[in-house]
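Peer 1: Supplied structure: model13.cif, mmCIF, C-alpha atoms.
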data_coords
#
loop_
_atom_site.label_atom_id
_atom_site.label_comp_id
_atom_site.auth_asym_id
_atom_site.auth_seq_id
_atom_site.Cartn_x
_atom_site.Cartn_y
_atom_site.Cartn_z
CA MET G 1 185.59 130.61 79.43
CA LYS G 2 184.91 130.90 83.16
CA LYS G 3 181.74 132.90 82.45
CA LEU G 4 180.41 130.22 80.11
CA VAL G 5 181.00 127.52 82.72
CA SER G 6 179.29 129.61 85.41
CA VAL G 7 176.25 130.16 83.21
CA ALA G 8 176.04 126.46 82.42
CA VAL G 9 176.26 125.56 86.10
CA PHE G 10 173.60 128.15 86.93
CA VAL G 11 171.21 126.87 84.26
CA ALA G 12 171.73 123.29 85.46
CA ALA G 13 171.03 124.31 89.06
CA VAL G 14 167.86 126.15 88.10
CA PHE G 15 166.65 123.20 86.03
CA THR G 16 167.34 120.82 88.91
CA PHE G 17 165.48 123.07 91.37
CA PHE G 18 162.33 123.33 89.27
CA SER G 19 162.42 119.63 88.41
CA CYS G 20 162.49 118.76 92.10
CA ALA G 21 159.80 121.31 92.96
CA LYS G 22 157.42 119.83 90.40
CA LYS G 23 158.11 116.21 91.26
CA GLU G 24 154.85 114.37 91.85
CA VAL G 25 154.39 112.57 95.17
CA ASP G 26 152.08 109.57 95.20
CA ILE G 27 149.94 109.69 98.37
CA LYS G 28 146.64 107.85 98.23
CA SER G 29 146.14 106.89 101.89
CA ALA G 30 147.59 107.32 105.37
CA GLU G 31 149.89 104.33 104.72
CA ASP G 32 151.64 106.33 101.98
CA LEU G 33 152.78 109.05 104.41
CA ALA G 34 155.81 107.01 105.53
CA GLY G 35 159.07 108.73 104.62
CA LYS G 36 157.29 111.83 103.31
CA LYS G 37 157.52 115.50 104.30
CA ILE G 38 154.37 116.15 106.32
CA GLY G 39 153.02 119.44 107.66
CA VAL G 40 150.85 119.74 110.79
CA GLN G 41 149.61 122.44 113.16
CA ALA G 42 151.78 122.53 116.29
CA GLY G 43 150.24 121.04 119.41
CA THR G 44 147.34 119.32 117.64
CA THR G 45 146.12 115.75 117.38
CA GLY G 46 147.42 115.69 113.81
CA GLU G 47 150.95 116.40 115.04
CA SER G 48 150.90 113.68 117.70
CA TRP G 49 149.24 111.18 115.35
CA VAL G 50 151.94 111.66 112.71
CA GLN G 51 154.70 111.42 115.33
CA GLU G 52 153.29 108.18 116.71
CA ASN G 53 152.13 106.45 113.53
CA VAL G 54 154.19 107.52 110.52
CA LYS G 55 157.60 105.92 110.02
CA ASP G 56 160.62 107.93 108.85
CA VAL G 57 158.52 111.07 108.62
CA LYS G 58 160.05 114.46 107.94
CA LEU G 59 157.71 116.51 110.14
CA SER G 60 157.18 120.27 109.90
CA SER G 61 155.02 121.93 112.56
CA PHE G 62 153.30 125.23 111.78
CA LYS G 63 151.40 127.83 113.79
CA SER G 64 148.29 127.18 111.68
CA GLY G 65 146.90 124.80 109.11
CA ILE G 66 146.86 127.66 106.60
CA ASP G 67 150.63 128.13 106.96
CA ALA G 68 151.12 124.40 106.38
CA ALA G 69 148.91 124.54 103.28
CA LEU G 70 151.01 127.37 101.82
CA ASP G 71 154.15 125.23 102.10
CA LEU G 72 152.23 122.35 100.51
CA LYS G 73 151.24 124.57 97.58
CA ASN G 74 154.86 125.69 97.18
CA GLY G 75 156.14 122.11 97.14
CA ALA G 76 158.12 122.40 100.39
CA ILE G 77 156.11 119.53 101.94
CA ASP G 78 154.21 116.58 100.47
CA ALA G 79 150.99 116.59 102.53
CA VAL G 80 149.21 118.17 105.49
CA VAL G 81 147.43 116.26 108.27
CA LEU G 82 144.70 118.40 109.83
CA ASP G 83 141.24 118.33 111.42
CA GLU G 84 138.48 117.78 108.87
CA LEU G 85 136.50 121.04 108.99
CA PRO G 86 139.45 123.47 108.89
CA ALA G 87 140.94 121.28 106.13
CA ARG G 88 137.75 121.57 104.07
CA GLU G 89 137.80 125.35 104.57
CA ILE G 90 141.38 125.50 103.25
CA VAL G 91 140.61 123.30 100.23
CA ALA G 92 137.52 125.36 99.40
CA ARG G 93 139.77 128.42 99.06
CA ASN G 94 142.57 126.67 97.13
CA ASP G 95 141.48 124.81 94.00
CA ASP G 96 144.93 123.24 93.58
CA LEU G 97 144.54 121.25 96.81
CA GLN G 98 142.32 118.29 97.68
CA ILE G 99 141.43 116.03 100.61
CA LEU G 100 142.02 112.31 100.32
CA THR G 101 138.99 110.10 100.81
CA GLY G 102 139.01 107.89 103.89
CA SER G 103 139.18 108.84 107.55
CA PHE G 104 141.34 108.01 110.55
CA ALA G 105 142.14 109.27 114.07
CA ARG G 106 138.63 110.24 115.19
CA GLU G 107 138.52 112.65 118.12
CA GLU G 108 136.17 114.58 120.40
CA TYR G 109 136.43 118.31 121.11
CA ALA G 110 135.85 119.61 124.64
CA ILE G 111 136.43 122.71 126.76
CA ALA G 112 139.50 122.66 129.02
CA VAL G 113 139.78 124.24 132.47
CA LYS G 114 142.57 124.32 135.01
CA LYS G 115 142.97 121.14 137.04
CA GLY G 116 140.64 121.17 140.04
CA ASN G 117 138.47 124.10 138.91
CA THR G 118 135.27 122.12 139.45
CA GLU G 119 133.06 125.18 139.94
CA LEU G 120 133.78 126.53 136.47
CA LEU G 121 133.72 123.06 134.93
CA GLU G 122 130.22 122.44 136.28
CA LYS G 123 128.95 125.72 134.80
CA ILE G 124 130.56 124.94 131.44
CA ASN G 125 129.02 121.46 131.40
CA SER G 126 125.65 122.97 132.27
CA ALA G 127 125.94 125.50 129.41
CA ILE G 128 126.93 122.79 126.90
CA GLN G 129 124.13 120.50 128.03
CA LYS G 130 121.53 123.29 127.74
CA MET G 131 122.89 124.12 124.28
CA MET G 132 122.52 120.51 123.15
CA ASP G 133 119.13 119.92 124.81
CA GLY G 134 117.66 123.04 123.21
CA ASP G 135 118.07 124.38 119.70
CA ASP G 136 121.22 126.48 120.28
CA TYR G 137 123.56 123.66 119.19
CA THR G 138 121.66 123.13 115.94
CA LYS G 139 121.65 126.89 115.28
CA LEU G 140 125.41 127.12 115.80
CA ARG G 141 126.09 124.22 113.44
CA GLN G 142 123.80 125.71 110.82
CA SER G 143 125.51 129.11 111.23
CA PHE G 144 129.14 127.96 111.04
CA MET G 145 128.82 124.70 109.10
CA PRO G 146 126.01 125.41 106.60
CA ALA G 147 125.33 123.06 103.72
CA ASP G 148 125.57 125.95 101.23
CA GLY G 149 128.84 127.22 102.69
CA GLU G 150 127.39 130.65 103.52
CA ILE G 151 128.42 131.29 107.13
CA THR G 152 126.31 133.69 109.18
CA ILE G 153 127.57 134.93 112.55
CA PRO G 154 124.80 134.56 115.17
CA VAL G 155 124.10 137.46 117.50
CA ILE G 156 124.28 136.40 121.15
CA ASP G 157 123.73 139.13 123.71
CA VAL G 158 125.85 138.64 126.83
CA PRO G 159 124.42 140.81 129.65
CA GLU G 160 126.80 143.36 131.17
CA SER G 161 128.47 142.22 134.37
CA ASP G 162 131.20 143.37 136.73
CA LYS G 163 132.76 139.91 136.32
CA THR G 164 134.81 138.82 133.29
CA ILE G 165 135.69 135.32 132.13
CA ARG G 166 138.63 134.83 129.74
CA LEU G 167 138.41 132.39 126.84
CA GLY G 168 141.76 131.29 125.42
CA THR G 169 141.82 130.29 121.76
CA ASN G 170 143.90 130.12 118.58
CA ALA G 171 142.05 132.13 115.92
CA ALA G 172 143.39 130.19 112.94
CA PHE G 173 141.02 127.24 112.98
CA PRO G 174 137.85 128.02 110.97
CA PRO G 175 134.99 127.48 111.43
CA PHE G 176 135.65 127.05 115.16
CA GLU G 177 137.71 130.21 115.70
CA TYR G 178 139.03 132.71 113.18
CA VAL G 179 139.30 136.43 112.50
CA GLY G 180 136.18 137.85 110.86
CA GLY G 181 136.54 141.54 110.10
CA ASN G 182 138.02 143.11 113.23
CA THR G 183 136.88 140.47 115.71
CA ILE G 184 137.44 136.82 116.51
CA VAL G 185 134.41 134.70 115.65
CA GLY G 186 133.53 131.05 115.25
CA PHE G 187 131.58 128.13 116.68
CA ASP G 188 133.71 128.01 119.84
CA ILE G 189 133.48 131.76 120.38
CA SER G 190 129.68 131.74 120.18
CA MET G 191 129.65 128.76 122.54
CA GLY G 192 131.93 130.78 124.83
CA GLN G 193 129.31 133.53 124.89
CA LEU G 194 126.71 131.01 126.06
CA ILE G 195 129.14 129.86 128.75
CA ALA G 196 129.67 133.48 129.84
CA ILE G 197 125.91 133.89 130.20
CA GLU G 198 125.79 130.74 132.35
CA CYS G 199 128.58 132.19 134.51
CA GLY G 200 126.97 135.64 134.75
CA ALA G 201 130.08 137.23 133.29
CA ASN G 202 131.39 139.25 130.36
CA LEU G 203 133.46 137.31 127.84
CA GLU G 204 137.03 138.28 126.95
CA VAL G 205 138.63 136.38 124.08
CA VAL G 206 142.41 135.92 124.28
CA ASP G 207 144.14 134.79 121.06
CA MET G 208 147.48 132.95 121.17
CA ALA G 209 149.44 130.09 119.63
CA PHE G 210 147.69 126.74 120.09
CA ASP G 211 150.59 125.16 121.99
CA SER G 212 150.62 128.12 124.43
CA LEU G 213 147.03 127.58 125.58
CA ILE G 214 147.57 124.95 128.28
CA PRO G 215 150.54 126.81 129.84
CA ALA G 216 148.40 129.99 129.83
CA LEU G 217 145.64 128.10 131.62
CA ALA G 218 148.07 126.77 134.21
CA SER G 219 149.37 130.29 134.91
CA ASN G 220 145.83 131.75 135.24
CA ALA G 221 146.30 133.99 132.19
CA ILE G 222 143.01 132.56 130.89
CA ASP G 223 140.06 130.80 132.57
CA PHE G 224 139.17 128.17 129.96
CA ILE G 225 140.19 126.95 126.52
CA ALA G 226 137.78 126.74 123.60
CA ALA G 227 139.92 126.00 120.55
CA GLY G 228 138.75 122.84 118.83
CA MET G 229 140.85 121.00 121.41
CA SER G 230 140.57 117.23 121.30
CA VAL G 231 140.53 115.09 124.43
CA ASN G 232 143.51 112.80 124.92
CA GLU G 233 145.29 111.15 127.81
CA GLU G 234 148.33 113.41 127.66
CA ARG G 235 146.25 116.58 127.97
CA LYS G 236 144.17 115.06 130.77
CA LYS G 237 147.34 115.12 132.90
CA ASN G 238 147.34 118.93 132.75
CA VAL G 239 143.69 120.03 132.37
CA ASP G 240 140.16 118.93 133.21
CA PHE G 241 137.84 118.52 130.23
CA SER G 242 134.14 119.27 129.88
CA ILE G 243 131.68 116.92 128.29
CA PRO G 244 132.43 116.65 124.52
CA TYR G 245 130.61 119.03 122.19
CA PHE G 246 131.87 117.94 118.77
CA GLU G 247 133.29 114.85 117.07
CA SER G 248 135.85 115.24 114.30
CA GLU G 249 138.57 113.30 112.49
CA GLN G 250 141.94 113.88 110.88
CA VAL G 251 142.26 114.11 107.09
CA ILE G 252 145.12 114.40 104.61
CA ILE G 253 145.47 117.37 102.24
CA ILE G 254 147.55 116.90 99.08
CA ARG G 255 148.17 118.79 95.85
CA LYS G 256 145.97 117.89 92.91
#
Just dump the structure as C-alpha cells.
Peer 2:
Amino acid sequence: MKKLVSVAVFVAAVFTFFSCAKKEVDIKSAEDLAGKKIGVQAGTTGESWVQENVKDVKLSSFKSGIDAALDLKNGAIDAVVLDELPAREIVARNDDLQILTGSFAREEYAIAVKKGNTELLEKINSAIQKMMDGDDYTKLRQSFMPADGEITIPVIDVPESDKTIRLGTNAAFPPFEYVGGNTIVGFDISMGQLIAIECGANLEVVDMAFDSLIPALASNAIDFIAAGMSVNEERKKNVDFSIPYFESEQVIIIRK
C-alpha cells in the first residue's frame, strides 16, 4: 500500500512540475514585467533599468545574455532584458524566442579609461573621430552588422611596437565582442585595433566578466574598456568616458 501511495505522490509531483514549467506568461510590453522573473546580464544597463523601474521583480543576473536566454528557454525565468543587437543575435539562433516590439531605455556606448588619464582619452577620442570622419566606421558597421547577417571580420594591421595597450572586454556580447574561432573578435575589438594604431602600440585583449571591468581598470590591470559599455552617471563616478561611438536601446526577449 505504501508503494502505491508513493507512486501516486510521485506522479502528481511530476505532473505539477511540468504544468508549471509550461505555464504561459503574458508579457506584451515593459509594463508587464512587474512581478515577473526577469533575467539580465550582470553589470549592464538592463540590470540597473530593471532594478530601478520594475516593481516586485524577481531578478536573476547572469554572466552573459546567452546564459539568461538558456534559462528563459528552460522556463526558469519569464523574460530577458538586454541590449538590442546582442538580443537579435540570440533570437536569430533560437527560433523559440522573440523580441517584443517597442523600445525603451536608449543608451550610448563609449570607451572607458581610468579617471584622470587624459592623455589616453585624447588619443582614443582622436581615433574614434577619425573613424567616424572617414569610412572606417561605415566599414565596421557593414562588417559586424550586415543587412544579410553574414558577418565578415575586417583585417586591420597594427604595426609592431615595443609598447602594448590592454583592452578589457567581456567576450559574450556579439557583435561587439565575442569568441570567433580561437580569437576574440567584434566591432569593439576592431575599433580597439584602430585605437592601438593611434597610440603607436600593440593591442592585447583581456577577457573578463563585465562587472569586473571597472575594478580592473582602477587597479591598472587594463588600460581601457571597450565592451559595449553605456554611459551613465554612476559609471562616470569611477571612469572617464570617450565621445560616444554607438547608440543602442534595451529590448525584451520572451518565449514564443
Peer 1: Which residue is closest to Asn125 of chain G? Choose from G:Phe104, G:Phe187, G:Tyr109, G:Tyr245 and count all atoms listed in the file.
Peer 2: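 With all atoms listed in the file as the atom set, the closest residue is G:Tyr245.
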Peer 1: Compute the distance from (140.0, 120.9, 138.7) to each atom, counting all atoms listed in the file, keep the residues with any atom at most 12 Å away, and return them as a CSV table (one decimal) with C-alpha atoms, in the coordinates of the input; use the coordinates of the file.
Peer 2:
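Result saved to part-v5.csv:
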chain,number,residue,atom,x,y,z
G,112,ALA,CA,139.5,122.7,129.0
G,113,VAL,CA,139.8,124.2,132.5
G,114,LYS,CA,142.6,124.3,135.0
G,115,LYS,CA,143.0,121.1,137.0
G,116,GLY,CA,140.6,121.2,140.0
G,117,ASN,CA,138.5,124.1,138.9
G,118,THR,CA,135.3,122.1,139.4
G,119,GLU,CA,133.1,125.2,139.9
G,120,LEU,CA,133.8,126.5,136.5
G,121,LEU,CA,133.7,123.1,134.9
G,122,GLU,CA,130.2,122.4,136.3
G,217,LEU,CA,145.6,128.1,131.6
G,218,ALA,CA,148.1,126.8,134.2
G,223,ASP,CA,140.1,130.8,132.6
G,224,PHE,CA,139.2,128.2,130.0
G,236,LYS,CA,144.2,115.1,130.8
G,237,LYS,CA,147.3,115.1,132.9
G,238,ASN,CA,147.3,118.9,132.8
G,239,VAL,CA,143.7,120.0,132.4
G,240,ASP,CA,140.2,118.9,133.2
G,241,PHE,CA,137.8,118.5,130.2
G,242,SER,CA,134.1,119.3,129.9
Peer 1: From the set G:Ile189, G:Asp133, G:Ile124, G:Ile254, which residue has the shortest atom-to-atom contact distance to Gly39 of chain G, counting all atoms listed in the file?
Peer 2: G:Ile254
Peer 1: Name all residues at most 9 Å from Leu59 of chain G (count all atoms listed in the file; drop same-chain ones fewer than 3 positions away) and give them as a list in words.
Peer 2: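 Listed by chain and then number, they are Lys36, Lys37, Ile38, Gly39, Val40, Glu47, Val50, Gln51 and Ile77 of chain G.
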Peer 1: For a quick check of understanding, using only C-alpha atoms, which of G:Pro159, G:Gly134, G:Gly228, G:Pro154 has the smallest distance to Leu203 of chain G?
Peer 2: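 Of G:Pro159, G:Gly134, G:Gly228, G:Pro154, the one nearest Leu203 of chain G, counting only C-alpha atoms, is G:Pro159.
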Peer 1: Which residue gives the smallest distance to Gln250 of chain G among G:Lys139, G:Lys28, G:Arg88, G:Lys73, with all atoms listed in the file counted?
Peer 2: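 So, comparing all the options, the nearest one is G:Arg88.
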Peer 1: Quick one: which residues end up in the PyMOL selection byres ((chain G and resi 94) around 12) for this structure, as a PyMOL selection string?
Peer 2: chain G and resi 66+69-70+72-73+87-93+95-99+253-256
Peer 1: Quick one: apply the PyMOL selection byres ((chain G and resi 141) around 12) to the file and drop the selected residues here as a ChimeraX atom specification.
Peer 2: /G:85,131-132,135-140,142-147,149-154,175-176,186-188,190-191,245-246
Peer 1: Tell me which protein, DNA and RNA residues are within 8 Å of Phe210 of chain G, counting all atoms listed in the file, leaving out same-chain ones fewer than 2 positions away, and put them as a PyMOL selection string.
Peer 2: chain G and resi 42-44+63+169-170+208+212-213+227
Peer 1: Interatomic distance between atom CA of Pro174 of chain G and atom CA of Ala226 of chain G?
Peer 2: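 About the pair atom CA of Pro174 of chain G and atom CA of Ala226 of chain G: they are 12.7 Å apart.
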Peer 1: Using atom CA of Asn220 of chain G and atom CA of Ile165 of chain G as the two end points, give the distance in Å to one decimal.
Peer 2: 11.2 Å
Peer 1: Quick one: pull the distance between atom CA of Asp207 of chain G and atom CA of Val179 of chain G, Å, one decimal.
Peer 2: 10.0 Å
Peer 1: To verify the selection step, state as a compact mmCIF listing (two decimals) with C-alpha atoms, keeping the file's coordinate frame which residues the PyMOL selection byres ((chain G and resi 83) around 8) yields on this input.
Peer 2:
# COMPACT_ATOMS: atom_id res chain seq x y z
CA GLY G 46 147.42 115.69 113.81
CA VAL G 81 147.43 116.26 108.27
CA LEU G 82 144.70 118.40 109.83
CA GLU G 84 138.48 117.78 108.87
CA LEU G 85 136.50 121.04 108.99
CA PRO G 86 139.45 123.47 108.89
CA ALA G 87 140.94 121.28 106.13
CA SER G 248 135.85 115.24 114.30
CA GLU G 249 138.57 113.30 112.49
CA GLN G 250 141.94 113.88 110.88
CA VAL G 251 142.26 114.11 107.09
Peer 1: Counting only C-alpha atoms, figure out which residue out of G:Leu194, G:Val80, G:Asp71, G:Ser61 gets nearest to Leu33 of chain G.
Peer 2: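 So, comparing all the options, the nearest one is G:Val80.
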Peer 1: Could you list, as JSON, numbers by chain, every residue within 7 Å of Asn202 of chain G, counting all atoms listed in the file and ignoring same-chain residues fewer than 2 positions away?
Peer 2: {"G": [158, 160, 161, 163, 164, 165, 196, 204]}
Peer 1: Missing atoms in segment 206-224 of chain G: can you complete it with N, CA, C and O atoms, as a PDB file, in the coordinates of the input?
Peer 2:
ATOM      1  N   VAL G 206     140.963 135.744 124.312  1.00  0.00           N
ATOM      2  CA  VAL G 206     142.410 135.920 124.280  1.00  0.00           C
ATOM      3  C   VAL G 206     142.987 134.988 123.212  1.00  0.00           C
ATOM      4  O   VAL G 206     142.872 133.766 123.316  1.00  0.00           O
ATOM      5  N   ASP G 207     143.602 135.567 122.178  1.00  0.00           N
ATOM      6  CA  ASP G 207     144.140 134.790 121.060  1.00  0.00           C
ATOM      7  C   ASP G 207     145.634 134.534 121.266  1.00  0.00           C
ATOM      8  O   ASP G 207     146.385 135.441 121.621  1.00  0.00           O
ATOM      9  N   MET G 208     146.074 133.302 121.030  1.00  0.00           N
ATOM     10  CA  MET G 208     147.480 132.950 121.170  1.00  0.00           C
ATOM     11  C   MET G 208     147.787 131.697 120.372  1.00  0.00           C
ATOM     12  O   MET G 208     146.879 131.079 119.816  1.00  0.00           O
ATOM     13  N   ALA G 209     149.058 131.315 120.311  1.00  0.00           N
ATOM     14  CA  ALA G 209     149.440 130.090 119.630  1.00  0.00           C
ATOM     15  C   ALA G 209     148.793 128.894 120.323  1.00  0.00           C
ATOM     16  O   ALA G 209     148.655 128.880 121.558  1.00  0.00           O
ATOM     17  N   PHE G 210     148.409 127.885 119.538  1.00  0.00           N
ATOM     18  CA  PHE G 210     147.690 126.740 120.090  1.00  0.00           C
ATOM     19  C   PHE G 210     148.483 126.055 121.205  1.00  0.00           C
ATOM     20  O   PHE G 210     147.935 125.695 122.246  1.00  0.00           O
ATOM     21  N   ASP G 211     149.807 125.880 120.989  1.00  0.00           N
ATOM     22  CA  ASP G 211     150.590 125.160 121.990  1.00  0.00           C
ATOM     23  C   ASP G 211     150.937 126.020 123.206  1.00  0.00           C
ATOM     24  O   ASP G 211     151.608 125.544 124.130  1.00  0.00           O
ATOM     25  N   SER G 212     150.444 127.267 123.249  1.00  0.00           N
ATOM     26  CA  SER G 212     150.620 128.120 124.430  1.00  0.00           C
ATOM     27  C   SER G 212     149.383 128.113 125.328  1.00  0.00           C
ATOM     28  O   SER G 212     149.421 128.659 126.439  1.00  0.00           O
ATOM     29  N   LEU G 213     148.305 127.501 124.859  1.00  0.00           N
ATOM     30  CA  LEU G 213     147.030 127.580 125.580  1.00  0.00           C
ATOM     31  C   LEU G 213     147.063 126.899 126.944  1.00  0.00           C
ATOM     32  O   LEU G 213     146.634 127.471 127.945  1.00  0.00           O
ATOM     33  N   ILE G 214     147.559 125.670 126.998  1.00  0.00           N
ATOM     34  CA  ILE G 214     147.570 124.950 128.280  1.00  0.00           C
ATOM     35  C   ILE G 214     148.507 125.616 129.286  1.00  0.00           C
ATOM     36  O   ILE G 214     148.140 125.776 130.460  1.00  0.00           O
ATOM     37  N   PRO G 215     149.713 126.046 128.890  1.00  0.00           N
ATOM     38  CA  PRO G 215     150.540 126.810 129.840  1.00  0.00           C
ATOM     39  C   PRO G 215     149.854 128.085 130.319  1.00  0.00           C
ATOM     40  O   PRO G 215     149.984 128.454 131.500  1.00  0.00           O
ATOM     41  N   ALA G 216     149.114 128.770 129.436  1.00  0.00           N
ATOM     42  CA  ALA G 216     148.400 129.990 129.830  1.00  0.00           C
ATOM     43  C   ALA G 216     147.311 129.666 130.846  1.00  0.00           C
ATOM     44  O   ALA G 216     147.064 130.438 131.783  1.00  0.00           O
ATOM     45  N   LEU G 217     146.663 128.539 130.671  1.00  0.00           N
ATOM     46  CA  LEU G 217     145.640 128.100 131.620  1.00  0.00           C
ATOM     47  C   LEU G 217     146.260 127.805 132.980  1.00  0.00           C
ATOM     48  O   LEU G 217     145.726 128.195 134.025  1.00  0.00           O
ATOM     49  N   ALA G 218     147.391 127.127 132.977  1.00  0.00           N
ATOM     50  CA  ALA G 218     148.070 126.770 134.210  1.00  0.00           C
ATOM     51  C   ALA G 218     148.539 128.000 134.991  1.00  0.00           C
ATOM     52  O   ALA G 218     148.572 127.998 136.223  1.00  0.00           O
ATOM     53  N   SER G 219     148.872 129.075 134.259  1.00  0.00           N
ATOM     54  CA  SER G 219     149.370 130.290 134.910  1.00  0.00           C
ATOM     55  C   SER G 219     148.264 131.294 135.216  1.00  0.00           C
ATOM     56  O   SER G 219     148.557 132.423 135.639  1.00  0.00           O
ATOM     57  N   ASN G 220     147.003 130.901 134.980  1.00  0.00           N
ATOM     58  CA  ASN G 220     145.830 131.750 135.240  1.00  0.00           C
ATOM     59  C   ASN G 220     145.743 132.964 134.319  1.00  0.00           C
ATOM     60  O   ASN G 220     145.049 133.935 134.636  1.00  0.00           O
ATOM     61  N   ALA G 221     146.425 132.909 133.160  1.00  0.00           N
ATOM     62  CA  ALA G 221     146.300 133.990 132.190  1.00  0.00           C
ATOM     63  C   ALA G 221     144.956 133.940 131.481  1.00  0.00           C
ATOM     64  O   ALA G 221     144.479 134.957 130.961  1.00  0.00           O
ATOM     65  N   ILE G 222     144.350 132.749 131.442  1.00  0.00           N
ATOM     66  CA  ILE G 222     143.010 132.560 130.890  1.00  0.00           C
ATOM     67  C   ILE G 222     142.232 131.647 131.842  1.00  0.00           C
ATOM     68  O   ILE G 222     142.829 130.981 132.706  1.00  0.00           O
ATOM     69  N   ASP G 223     140.903 131.603 131.675  1.00  0.00           N
ATOM     70  CA  ASP G 223     140.060 130.800 132.570  1.00  0.00           C
ATOM     71  C   ASP G 223     139.653 129.464 131.962  1.00  0.00           C
ATOM     72  O   ASP G 223     139.463 128.484 132.681  1.00  0.00           O
ATOM     73  N   PHE G 224     139.490 129.430 130.628  1.00  0.00           N
ATOM     74  CA  PHE G 224     139.170 128.170 129.960  1.00  0.00           C
ATOM     75  C   PHE G 224     139.620 128.227 128.514  1.00  0.00           C
ATOM     76  O   PHE G 224     139.887 129.302 127.977  1.00  0.00           O
TER      77      PHE G 224
END
